Each structure stands twice: as structure tokens, then as C-alpha cells.
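Enquirer: Have a peek at input_5.tsv (TSV, C-alpha atoms).
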chain	number	residue	atom	x	y	z
A	1	MET	CA	144.79	241.82	120.56
A	2	MET	CA	142.63	239.28	122.25
A	3	PRO	CA	142.27	240.66	125.75
A	4	PRO	CA	141.72	238.19	128.54
A	5	GLU	CA	139.47	239.21	131.36
A	6	GLU	CA	140.70	242.06	133.47
A	7	PRO	CA	142.60	240.93	136.53
A	8	GLY	CA	141.62	242.32	139.90
A	9	GLN	CA	143.69	244.98	141.53
A	10	GLU	CA	144.51	243.17	144.76
A	11	PRO	CA	148.04	243.72	145.93
A	12	TRP	CA	150.38	240.77	145.69
A	13	PRO	CA	153.60	240.51	147.57
A	14	GLN	CA	156.41	241.59	145.35
A	15	ASP	CA	157.66	238.80	143.19
A	16	PRO	CA	161.19	238.15	144.39
A	17	ALA	CA	162.24	237.56	140.83
A	18	LEU	CA	161.44	241.12	139.90
A	19	HIS	CA	163.17	244.05	141.52
A	20	THR	CA	160.90	246.58	139.92
A	21	PRO	CA	157.81	245.62	137.98
A	22	GLY	CA	158.36	246.00	134.28
A	23	HIS	CA	162.07	246.47	134.79
A	24	GLU	CA	162.89	243.88	132.18
A	25	ARG	CA	160.40	245.08	129.62
A	26	ILE	CA	162.01	245.42	126.29
A	27	TYR	CA	159.57	247.96	124.95
A	28	ASP	CA	156.99	250.39	126.16
A	29	GLU	CA	153.39	249.39	125.73
A	30	SER	CA	152.12	252.74	124.54
A	31	ALA	CA	154.99	253.25	122.15
A	32	GLY	CA	154.48	249.83	120.61
A	33	PRO	CA	157.31	247.46	119.95
A	34	MET	CA	160.47	249.27	118.98
A	35	VAL	CA	161.94	246.11	117.64
A	36	ARG	CA	159.82	243.46	115.99
A	37	PRO	CA	160.12	240.17	117.85
A	38	TYR	CA	161.49	238.32	114.84
A	39	VAL	CA	164.35	240.81	114.60
A	40	MET	CA	165.52	239.71	118.05
A	41	THR	CA	165.65	236.17	116.79
A	42	SER	CA	167.19	237.08	113.41
A	43	GLY	CA	164.04	235.87	111.73
A	44	ARG	CA	164.11	232.44	113.31
A	45	ILE	CA	160.81	231.06	114.54
A	46	GLU	CA	161.95	227.73	115.98
A	47	PRO	CA	164.58	227.23	118.66
A	48	VAL	CA	167.72	225.43	117.57
A	49	HIS	CA	167.91	223.55	120.86
A	50	GLY	CA	165.16	222.38	123.18
A	51	LYS	CA	161.37	222.38	122.95
A	52	PHE	CA	160.46	224.56	125.93
A	53	ASP	CA	157.03	223.86	127.27
A	54	LEU	CA	155.40	226.83	129.03
A	55	ILE	CA	156.29	225.29	132.38
A	56	THR	CA	159.76	224.08	131.47
A	57	LEU	CA	161.94	225.43	134.25
A	58	VAL	CA	165.08	227.30	133.35
A	59	VAL	CA	167.98	228.45	135.45
A	60	ALA	CA	171.13	230.31	134.43
A	61	ALA	CA	174.32	228.27	134.55
A	62	GLY	CA	176.16	231.25	135.99
A	63	PRO	CA	176.09	235.01	136.47
A	64	GLU	CA	175.51	237.36	133.58
A	65	PRO	CA	178.53	237.01	131.29
A	66	GLU	CA	180.74	240.03	130.74
A	67	GLY	CA	182.08	241.21	127.44
A	68	PRO	CA	180.82	240.52	123.94
A	69	ILE	CA	179.90	236.90	123.48
A	70	GLY	CA	177.47	237.17	120.64
A	71	LEU	CA	174.38	237.70	122.73
A	72	GLY	CA	171.68	240.31	122.39
A	73	PRO	CA	170.22	242.36	125.24
A	74	GLU	CA	167.23	240.01	125.39
A	75	HIS	CA	169.52	237.04	125.93
A	76	LEU	CA	171.17	238.89	128.78
A	77	SER	CA	167.80	239.79	130.28
A	78	ILE	CA	166.93	236.10	130.33
A	79	ILE	CA	170.17	235.22	132.08
A	80	ARG	CA	169.47	237.95	134.63
A	81	LEU	CA	165.96	236.70	135.29
A	82	CYS	CA	167.14	233.10	135.40
A	83	GLN	CA	169.44	233.66	138.33
A	84	GLN	CA	166.44	232.07	140.04
A	85	VAL	CA	164.61	229.09	138.64
A	86	MET	CA	161.93	230.40	136.32
A	87	SER	CA	159.40	228.90	133.93
A	88	VAL	CA	159.28	229.75	130.24
A	89	ALA	CA	155.83	231.30	130.80
A	90	GLU	CA	157.18	233.57	133.54
A	91	LEU	CA	160.05	234.65	131.32
A	92	THR	CA	157.65	235.65	128.56
A	93	GLY	CA	155.55	237.56	131.11
A	94	HIS	CA	158.47	239.43	132.62
A	95	LEU	CA	160.09	240.19	129.27
A	96	ASP	CA	156.77	241.01	127.60
A	97	LEU	CA	157.82	239.02	124.58
A	98	PRO	CA	155.86	236.39	122.66
A	99	VAL	CA	156.42	232.79	123.65
A	100	ALA	CA	157.90	231.86	120.27
A	101	THR	CA	160.53	234.59	120.57
A	102	VAL	CA	161.54	233.56	124.08
A	103	ARG	CA	161.85	229.94	122.93
A	104	VAL	CA	164.29	230.87	120.20
A	105	LEU	CA	166.36	232.97	122.59
A	106	LEU	CA	166.37	230.17	125.16
A	107	GLY	CA	167.47	227.71	122.48
A	108	ASP	CA	170.49	229.93	121.80
A	109	LEU	CA	171.37	230.07	125.50
A	110	LEU	CA	170.92	226.33	125.89
A	111	GLY	CA	173.20	225.74	122.91
A	112	LYS	CA	175.89	227.86	124.54
A	113	GLY	CA	175.49	226.07	127.85
A	114	LEU	CA	174.42	229.28	129.57
A	115	VAL	CA	171.17	227.89	130.93
A	116	THR	CA	170.03	224.56	132.29
A	117	MET	CA	166.47	223.42	131.97
A	118	GLN	CA	164.09	220.83	133.23
A	119	GLU	CA	161.16	219.69	131.14
A	120	PRO	CA	157.92	218.97	133.02
A	121	GLU	CA	156.56	215.47	133.58
A	122	PRO	CA	155.24	214.03	130.36
A	123	GLU	CA	151.55	213.27	130.55
A	124	ALA	CA	152.19	209.54	130.52
A	125	ASP	CA	154.13	209.89	133.76
A	126	MET	CA	151.37	211.57	135.72
A	127	HIS	CA	151.17	208.58	138.02
A	128	ASP	CA	153.52	209.77	140.74
A	129	ILE	CA	151.32	209.87	143.82
A	130	ARG	CA	153.83	212.10	145.62
A	131	LEU	CA	153.11	214.86	143.13
A	132	TYR	CA	149.38	214.78	143.83
A	133	LYS	CA	149.92	214.57	147.56
A	134	ALA	CA	152.31	217.52	147.53
A	135	VAL	CA	149.85	219.63	145.54
A	136	ILE	CA	146.93	218.75	147.81
A	137	ASP	CA	148.95	219.38	150.97
A	138	GLY	CA	150.16	222.67	149.53
A	139	LEU	CA	146.65	223.77	148.60
A	140	ARG	CA	145.29	222.82	152.01
A	141	ALA	CA	147.99	224.89	153.68
A	142	LEU	CA	147.06	228.04	151.74
B	1	MET	CA	160.20	214.23	148.50
B	2	VAL	CA	162.81	214.81	145.88
B	3	SER	CA	161.76	213.62	142.50
B	4	GLY	CA	163.98	210.86	141.20
B	5	ARG	CA	163.96	212.40	137.78
B	6	SER	CA	167.03	214.13	136.49
B	7	ASP	CA	166.90	217.05	134.14
B	8	SER	CA	166.59	216.08	130.54
B	9	GLY	CA	168.07	217.70	127.51
B	10	GLY	CA	169.67	220.57	129.37
B	11	GLY	CA	172.99	219.06	130.11
B	12	ARG	CA	174.77	220.30	133.18
B	13	ARG	CA	177.93	221.66	131.75
B	14	ASP	CA	178.40	223.93	134.71
B	15	GLY	CA	179.35	222.81	138.15
B	16	ARG	CA	176.36	224.46	139.75
B	17	ALA	CA	174.09	221.46	139.91
B	18	ARG	CA	170.97	223.08	141.29
B	19	ARG	CA	168.03	220.95	142.18
B	20	MET	CA	165.01	222.11	140.28
B	21	PRO	CA	161.50	221.84	141.63
B	22	THR	CA	158.90	219.84	139.73
B	23	ALA	CA	156.54	222.05	137.75
B	24	VAL	CA	152.90	221.09	137.30
B	25	LYS	CA	150.05	222.94	135.69
B	26	ILE	CA	146.32	223.16	136.03
B	27	VAL	CA	144.18	224.70	133.33
B	28	ILE	CA	141.31	227.05	134.18
B	29	ALA	CA	138.92	227.05	131.23
B	30	GLY	CA	135.44	228.29	130.43
B	31	GLY	CA	133.70	230.95	128.39
B	32	PHE	CA	134.66	234.58	128.11
B	33	GLY	CA	134.10	236.61	131.29
B	34	VAL	CA	133.28	233.62	133.47
B	35	GLY	CA	135.94	234.42	136.05
B	36	LYS	CA	139.01	232.49	134.89
B	37	THR	CA	141.41	235.36	135.48
B	38	THR	CA	139.70	236.11	138.79
B	39	MET	CA	140.30	232.55	139.96
B	40	VAL	CA	143.93	232.61	138.83
B	41	GLY	CA	144.43	235.89	140.70
B	42	THR	CA	142.66	234.71	143.84
B	43	VAL	CA	144.94	231.71	144.22
B	44	SER	CA	148.25	232.97	142.85
B	45	GLU	CA	151.01	233.90	145.27
B	46	THR	CA	152.32	236.47	142.83
B	47	ARG	CA	150.59	239.01	140.64
B	48	PRO	CA	149.37	237.03	137.63
B	49	LEU	CA	151.53	237.37	134.57
B	50	ARG	CA	150.49	237.26	130.96
B	51	THR	CA	152.04	235.13	128.29
B	52	GLU	CA	151.36	235.95	124.67
B	53	GLU	CA	151.55	234.22	121.36
B	54	ILE	CA	151.37	236.03	118.06
B	55	LEU	CA	149.40	234.42	115.28
B	56	THR	CA	149.39	235.16	111.64
B	57	ASP	CA	146.03	235.22	109.90
B	58	GLU	CA	146.65	231.83	108.32
B	59	SER	CA	146.98	230.09	111.66
B	60	VAL	CA	143.74	231.53	112.99
B	61	GLY	CA	141.62	229.85	110.36
B	62	VAL	CA	138.06	230.96	109.75
B	63	ASP	CA	137.87	234.10	111.74
B	64	ASP	CA	135.75	237.10	112.43
B	65	VAL	CA	138.09	240.01	111.96
B	66	SER	CA	135.48	242.75	111.79
B	67	GLY	CA	137.09	245.92	113.02
B	68	VAL	CA	140.59	244.67	112.47
B	69	GLU	CA	140.43	244.27	108.70
B	70	ARG	CA	143.94	245.45	108.08
B	71	LYS	CA	145.43	243.46	110.88
B	72	THR	CA	147.66	240.66	109.76
B	73	THR	CA	148.53	239.24	113.16
B	74	THR	CA	146.55	238.45	116.28
B	75	THR	CA	147.90	238.29	119.78
B	76	VAL	CA	146.45	235.62	122.01
B	77	ALA	CA	147.07	236.11	125.70
B	78	MET	CA	146.84	233.81	128.68
B	79	ASP	CA	147.01	234.96	132.27
B	80	PHE	CA	148.67	232.65	134.69
B	81	GLY	CA	149.58	232.46	138.33
B	82	ARG	CA	151.99	230.47	140.45
B	83	LEU	CA	152.01	228.62	143.74
B	84	THR	CA	155.17	227.24	145.31
B	85	PHE	CA	154.84	224.27	147.61
B	86	ARG	CA	157.85	223.88	149.86
B	87	ASP	CA	160.79	224.05	147.48
B	88	ASP	CA	159.87	220.91	145.65
B	89	TYR	CA	156.81	221.75	143.58
B	90	VAL	CA	155.61	224.73	141.62
B	91	LEU	CA	152.01	224.77	140.48
B	92	TYR	CA	151.08	227.01	137.56
B	93	LEU	CA	147.47	227.94	136.89
B	94	PHE	CA	146.72	228.94	133.32
B	95	GLY	CA	143.55	230.71	132.31
B	96	THR	CA	142.78	229.71	128.72
B	97	PRO	CA	142.23	232.37	126.08
B	98	GLY	CA	138.73	233.81	126.26
B	99	GLN	CA	137.69	232.35	122.94
B	100	GLU	CA	137.82	228.74	122.04
B	101	ARG	CA	138.99	229.29	118.51
B	102	PHE	CA	142.60	229.46	119.62
B	103	TRP	CA	142.84	225.71	119.95
B	104	PHE	CA	146.56	225.53	119.45
B	105	MET	CA	147.01	227.47	122.69
B	106	TRP	CA	144.68	225.05	124.43
B	107	ASP	CA	146.67	222.10	123.14
B	108	GLU	CA	149.86	223.62	124.35
B	109	VAL	CA	148.60	224.43	127.81
B	110	SER	CA	146.69	221.15	128.25
B	111	LEU	CA	149.61	218.94	127.32
B	112	GLY	CA	150.92	217.43	130.52
B	113	ALA	CA	148.36	219.27	132.67
B	114	LEU	CA	147.40	217.66	135.94
B	115	GLY	CA	143.78	218.52	135.18
B	116	ALA	CA	141.39	221.28	134.28
B	117	VAL	CA	138.69	223.32	135.96
B	118	VAL	CA	135.85	224.31	133.64
B	119	LEU	CA	134.23	227.41	135.05
B	120	ALA	CA	130.57	227.83	134.24
B	121	ASP	CA	128.06	230.64	134.61
B	122	THR	CA	124.45	229.44	134.88
B	123	ARG	CA	123.24	232.48	132.95
B	124	ARG	CA	125.30	231.35	129.96
B	125	LEU	CA	125.80	227.69	130.55
B	126	SER	CA	126.36	226.90	126.87
B	127	ASP	CA	129.55	229.01	126.95
B	128	CYS	CA	131.33	226.18	128.69
B	129	PHE	CA	130.27	223.45	126.23
B	130	PRO	CA	133.37	223.83	124.07
B	131	SER	CA	135.63	223.47	127.13
B	132	VAL	CA	133.78	220.38	128.34
B	133	ASP	CA	133.93	218.85	124.85
B	134	TYR	CA	137.58	219.67	124.53
B	135	PHE	CA	138.71	218.03	127.78
B	136	GLU	CA	136.41	215.05	127.28
B	137	ARG	CA	137.86	214.45	123.84
B	138	ARG	CA	141.39	214.98	125.04
B	139	GLY	CA	140.99	212.75	128.09
B	140	THR	CA	142.17	215.46	130.50
B	141	PRO	CA	140.62	214.98	133.95
B	142	PHE	CA	138.35	217.95	134.64
B	143	ILE	CA	135.67	219.16	137.00
B	144	VAL	CA	132.99	221.78	136.44
B	145	ALA	CA	132.85	224.64	138.91
B	146	VAL	CA	129.83	226.91	138.71
B	147	ASN	CA	130.91	230.42	139.55
B	148	CYS	CA	128.10	231.92	141.62
B	149	PHE	CA	127.49	235.35	140.23
B	150	GLU	CA	125.26	237.59	142.26
B	151	GLY	CA	121.78	237.80	140.83
B	152	ALA	CA	122.10	234.56	138.90
B	153	ARG	CA	119.44	232.00	139.59
B	154	GLN	CA	120.72	229.16	141.71
B	155	TYR	CA	120.38	225.77	140.15
B	156	ASP	CA	120.57	222.36	141.58
B	157	LEU	CA	123.92	220.72	140.81
B	158	ALA	CA	122.16	217.69	139.34
B	159	GLU	CA	120.29	220.00	136.96
B	160	ILE	CA	123.57	221.48	135.80
B	161	GLN	CA	125.12	218.05	135.41
B	162	GLN	CA	122.19	217.09	133.23
B	163	ALA	CA	122.20	220.32	131.24
B	164	LEU	CA	125.87	219.83	130.44
B	165	ASN	CA	125.25	216.19	129.60
B	166	LEU	CA	128.15	215.22	131.83
B	167	GLY	CA	128.95	211.69	132.79
B	168	PRO	CA	128.20	210.83	136.41
B	169	LYS	CA	131.91	210.68	137.13
B	170	VAL	CA	132.58	214.35	136.38
B	171	PRO	CA	132.26	216.32	139.62
B	172	VAL	CA	130.20	219.50	139.52
B	173	MET	CA	130.45	222.02	142.33
B	174	LEU	CA	129.59	225.58	143.17
B	175	CYS	CA	132.30	228.15	143.76
B	176	ASP	CA	133.06	231.80	144.19
B	177	ALA	CA	136.12	232.66	142.12
B	178	ARG	CA	136.80	235.70	144.32
B	179	ARG	CA	137.20	233.68	147.49
B	180	LEU	CA	140.39	231.83	148.30
B	181	ASP	CA	138.79	229.10	150.41
B	182	SER	CA	136.35	228.37	147.61
B	183	CYS	CA	139.03	228.27	144.88
B	184	LYS	CA	141.20	226.11	147.12
B	185	GLN	CA	138.41	223.59	147.47
B	186	VAL	CA	137.83	223.51	143.72
B	187	LEU	CA	141.49	222.80	143.08
B	188	ILE	CA	141.72	220.15	145.80
B	189	ASP	CA	138.63	218.43	144.40
B	190	LEU	CA	140.15	218.56	140.94
B	191	VAL	CA	143.40	216.97	142.09
B	192	LEU	CA	141.50	214.23	143.93
B	193	HIS	CA	139.40	213.65	140.83
B	194	ALA	CA	142.51	213.54	138.63
B	195	MET	CA	144.03	210.89	140.89
B	196	LYS	CA	140.90	208.81	140.66
B	197	SER	CA	140.71	209.23	136.89
B	198	ARG	CA	144.26	208.03	136.53
B	199	GLY	CA	143.60	205.02	138.70
B	200	LEU	CA	145.69	206.13	141.67
B	201	PRO	CA	144.69	205.03	145.17
B	202	ALA	CA	142.72	207.50	147.28
B	203	LEU	CA	144.68	209.48	149.85
B	204	GLU	CA	144.11	209.00	153.53
B	205	PRO	CA	141.48	211.51	154.65
B	206	GLN	CA	142.97	214.59	156.20
B	207	GLY	CA	142.75	214.32	159.97
B	208	ALA	CA	143.01	217.94	160.95
Before anything else, please render the file you have as C-alpha cells.

Expert:
Amino acid sequence: MMPPEEPGQEPWPQDPALHTPGHERIYDESAGPMVRPYVMTSGRIEPVHGKFDLITLVVAAGPEPEGPIGLGPEHLSIIRLCQQVMSVAELTGHLDLPVATVRVLLGDLLGKGLVTMQEPEPEADMHDIRLYKAVIDGLRAL
Amino acid sequence: MVSGRSDSGGGRRDGRARRMPTAVKIVIAGGFGVGKTTMVGTVSETRPLRTEEILTDESVGVDDVSGVERKTTTTVAMDFGRLTFRDDYVLYLFGTPGQERFWFMWDEVSLGALGAVVLADTRRLSDCFPSVDYFERRGTPFIVAVNCFEGARQYDLAEIQQALNLGPKVPVMLCDARRLDSCKQVLIDLVLHAMKSRGLPALEPQGA
């Protein structure tokens, strides 16, 4: 484990995406992973569909499906979280799963048409002045 | 305004065509313990989250694994925060892993980044050399922000610029990663610098 620096303890307003912190955690930290990440992906390490940058935004195409449709509990957790637009990075944080695992699961959901995604601007397209202006205005208003 | 871009690759098979905001990211880099996570936390509108990648020993390369001899995987973590601007833009701030050896994570987080802040501590200025080298080589617009730790000797910004062997075009500024107004200014300066670096016209100065 390569620990990053300790975050401060300041209170943040509750993230609207999370009803209870840690609610979507698949395993308990102290107990260690109950299921190895690669088991959730049936051993796959690359998504079948999509590339999924850390800031690719994902949103569920509909409510959580009912009945058996060949999805695991982690897939369903993603659909639940993605009722609001959410980045791949945020999904990994909320699910407490490695990025590679979440990518594979997202690829499955994309293949089934259960999520829609939007890739970020490629670097070559970083010439949209509106983007810079919006970020500066937003920062100034903080 | 609304970005003219449509979503790519996703395919809207459902009828719920939701407009997605545009996501942008800024990288907060620097040596271990320099205040990257503090800065992310100071600015973020939500409690910072952590994203993790698991490495096998082979992908780590030459590595000091003293103390973890039997370990076959390493987890690299990045803390990140989020800021939402109106409903159109979401800015993510990623603190890079504390050690520079995890380059693949740096590549991933720097790809498509608006720019980077290299945090420096004057007591250990050399800790930020790898970050400076990395963004220079990669061509990512970056600025150096010297986090003012209490008790650290204050240096002249020109001295720091010289010590880091930075080109005259790389802005260097002082900051306090614990203070919002200070972090805000660092990020605004970075965005202005990124615009300049990419040849975009300067914005009208803010009146108010």
C-alpha cells in the first residue's frame, strides 16, 4: 500500500451521490477483500467496450434493472451510483475497487447499453476558450 | 455555454438523452508530504475520494520493497476532489501518487489535463525536480507553487526560479495549501498560464 498524504478532517457537505458514506463499499477495510477484484471481472483485465479515462463521465441509461440479467452486484452498484452523472474516478472511490476492475465492469454495462458515457476533451482539443473561462469564473466565485 | 460536442462511443440507445457536463482535470504534483492532498481537500466541494490501481511487481520495475518482501502487488492511490461549475463543467483535482516511480499513473492522470500545479517545499526543493522534469518533457502547462510551511526560511521567488532552473515563462508563486483563497489563486494563475501556453488570447481583466 502506497499511502498518500493524510487528508484533513474538515467536514464536507454530504456528497449528494452518496446516501451514507461507504454504503456502496464492496468489502470491509479491516477484513480485507472478501472477493479478489479479478473474480468480479471473471479474470478479465481489459474492458470489452470503451477506454474509460479517470474523468470519463458515466450515467445510467435507466433505473436499476430488476430480475436476473447476467449482472453481478458490483454492476448493479455502478448503475445505482450512476443515476447521477459520475466520473470513473468517483465510481472507483465510492466502490472502493481498483480502477482496472471498474473499467471492466463499465465495459460490460456499456456493451449492454445500460450506461452512457462521455469521454473528456482530448488534449489536442484544449483550445476551447469557453472551457478556460468557465473554470476561471467558477474558481473566482468560490 | 453548452459544449457543441456530442458524446462519443457511448451510443444513446435509451431515450433519456441527458446532457453531460464537460469534465476537466488539473494535476497537483510534487514530492511526498508537500501538501498535495491538503490542497485537493481545501478546494474540493466534496470530501476527497481515493482512486486506486493495483500493480504487480513486474509493472513497478526497479523497486525498493524492503519490508514488503513477500508482497506481490502494490496499491498506488491518488486522492482527488471535485468542483462543479454551474451545471456545465466539472473540474477534478488529482493529487499524484507520493512517489514518482509510479509513472504510469502520472501518464494516465496527465493525459488531457488542463495543466498542473507543482507544489514545492523550500526545505526540500529537490523533491519537486522530478515533477518539473516530467511536465516539461510532456509539454503540460504547469506552474510552481511554493507551499509556505511554518518555520521554513522564506526565499525570494527569483531564487527559487533559479534553483529549479525554470524557464522565465514558468510562473512561480507562494501559497498556503490550507487556505482556500490561496489555492484559488494558484489554480486561477495556472489556468491563465495554460491559456497563454496554448496560444489562446488573454481574457478581459475581471472588473469586480

Enquirer: So which one's closest to A:Leu91, A:Leu71, A:Pro37, A:Glu46, A:Ile55? Using all atoms listed in the file, please.

Expert: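 Looking at the shortest contact to A:Leu91, the residue is A:Ile55.
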
Enquirer: Any idea what's packed within 8 Å of B:Ala23, counting only C-alpha atoms, ignoring anything in its chain fewer than 3 positions away? Could you give it as a tab-separated table (two decimals) with C-alpha atoms, in the frame of the given file?

Expert:
chain	number	residue	atom	x	y	z
A	55	ILE	CA	156.29	225.29	132.38
A	56	THR	CA	159.76	224.08	131.47
A	57	LEU	CA	161.94	225.43	134.25
A	120	PRO	CA	157.92	218.97	133.02
A	121	GLU	CA	156.56	215.47	133.58
B	89	TYR	CA	156.81	221.75	143.58
B	90	VAL	CA	155.61	224.73	141.62
B	91	LEU	CA	152.01	224.77	140.48
B	92	TYR	CA	151.08	227.01	137.56

Enquirer: With distances taken over all atoms listed in the file, which residue among B:Met105, B:Ala202, B:Ile188, B:Leu164 lies nearest chain A?

Expert: B:Ile188

Enquirer: Rank nothing, just name the residue among A:Leu106, A:Ile45, A:Cys82, A:Ala61 nearest to chain B, using all atoms listed in the file.

Expert: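 Counting all atoms listed in the file, the residue closest to chain B is A:Ala61.
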
Enquirer: When you draw a straight line from atom CA of B:Val27 to atom CA of B:Ala116, how long is it in Å?

Expert: 4.5 Å

Enquirer: Rank B:Gly95, B:Gly199, B:Pro48, B:Gly41 by their smallest atom-to-atom distance to B:Leu119, using all atoms listed in the file, and report the top residue only.

Expert: B:Gly95

Enquirer: Hey, can you pull every residue with an atom no more than 12 Å from (151.6, 216.5, 129.9), using all atoms listed in the file, and send it as number ranges by chain?

Expert: A: 53-56, 119-127; B: 23-27, 107-115, 138-141

Enquirer: Quote the spacing between atom CA of B:Thr74 and atom CA of A:Thr92 in Å to one decimal place.

Expert: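 The value is 16.8 Å.
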
Enquirer: Could you check which of A:Ser77, A:Gly50, A:Val102, A:Glu64 is closest to chain B, using all atoms listed in the file?

Expert: A:Gly50

Enquirer: I'd like the contact shell of A:Gln84 - 9 Å cut-off, all atoms listed in the file, skipping same-chain residues fewer than 4 positions apart - returned as a PyMOL selection string.

Expert: chain A and resi 17+58-60+80

Enquirer: Distance atom CA of B:Tyr134-atom CA of B:Pro168, one decimal place?

Expert: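 Result for atom CA of B:Tyr134 versus atom CA of B:Pro168: 17.5 Å, one decimal.
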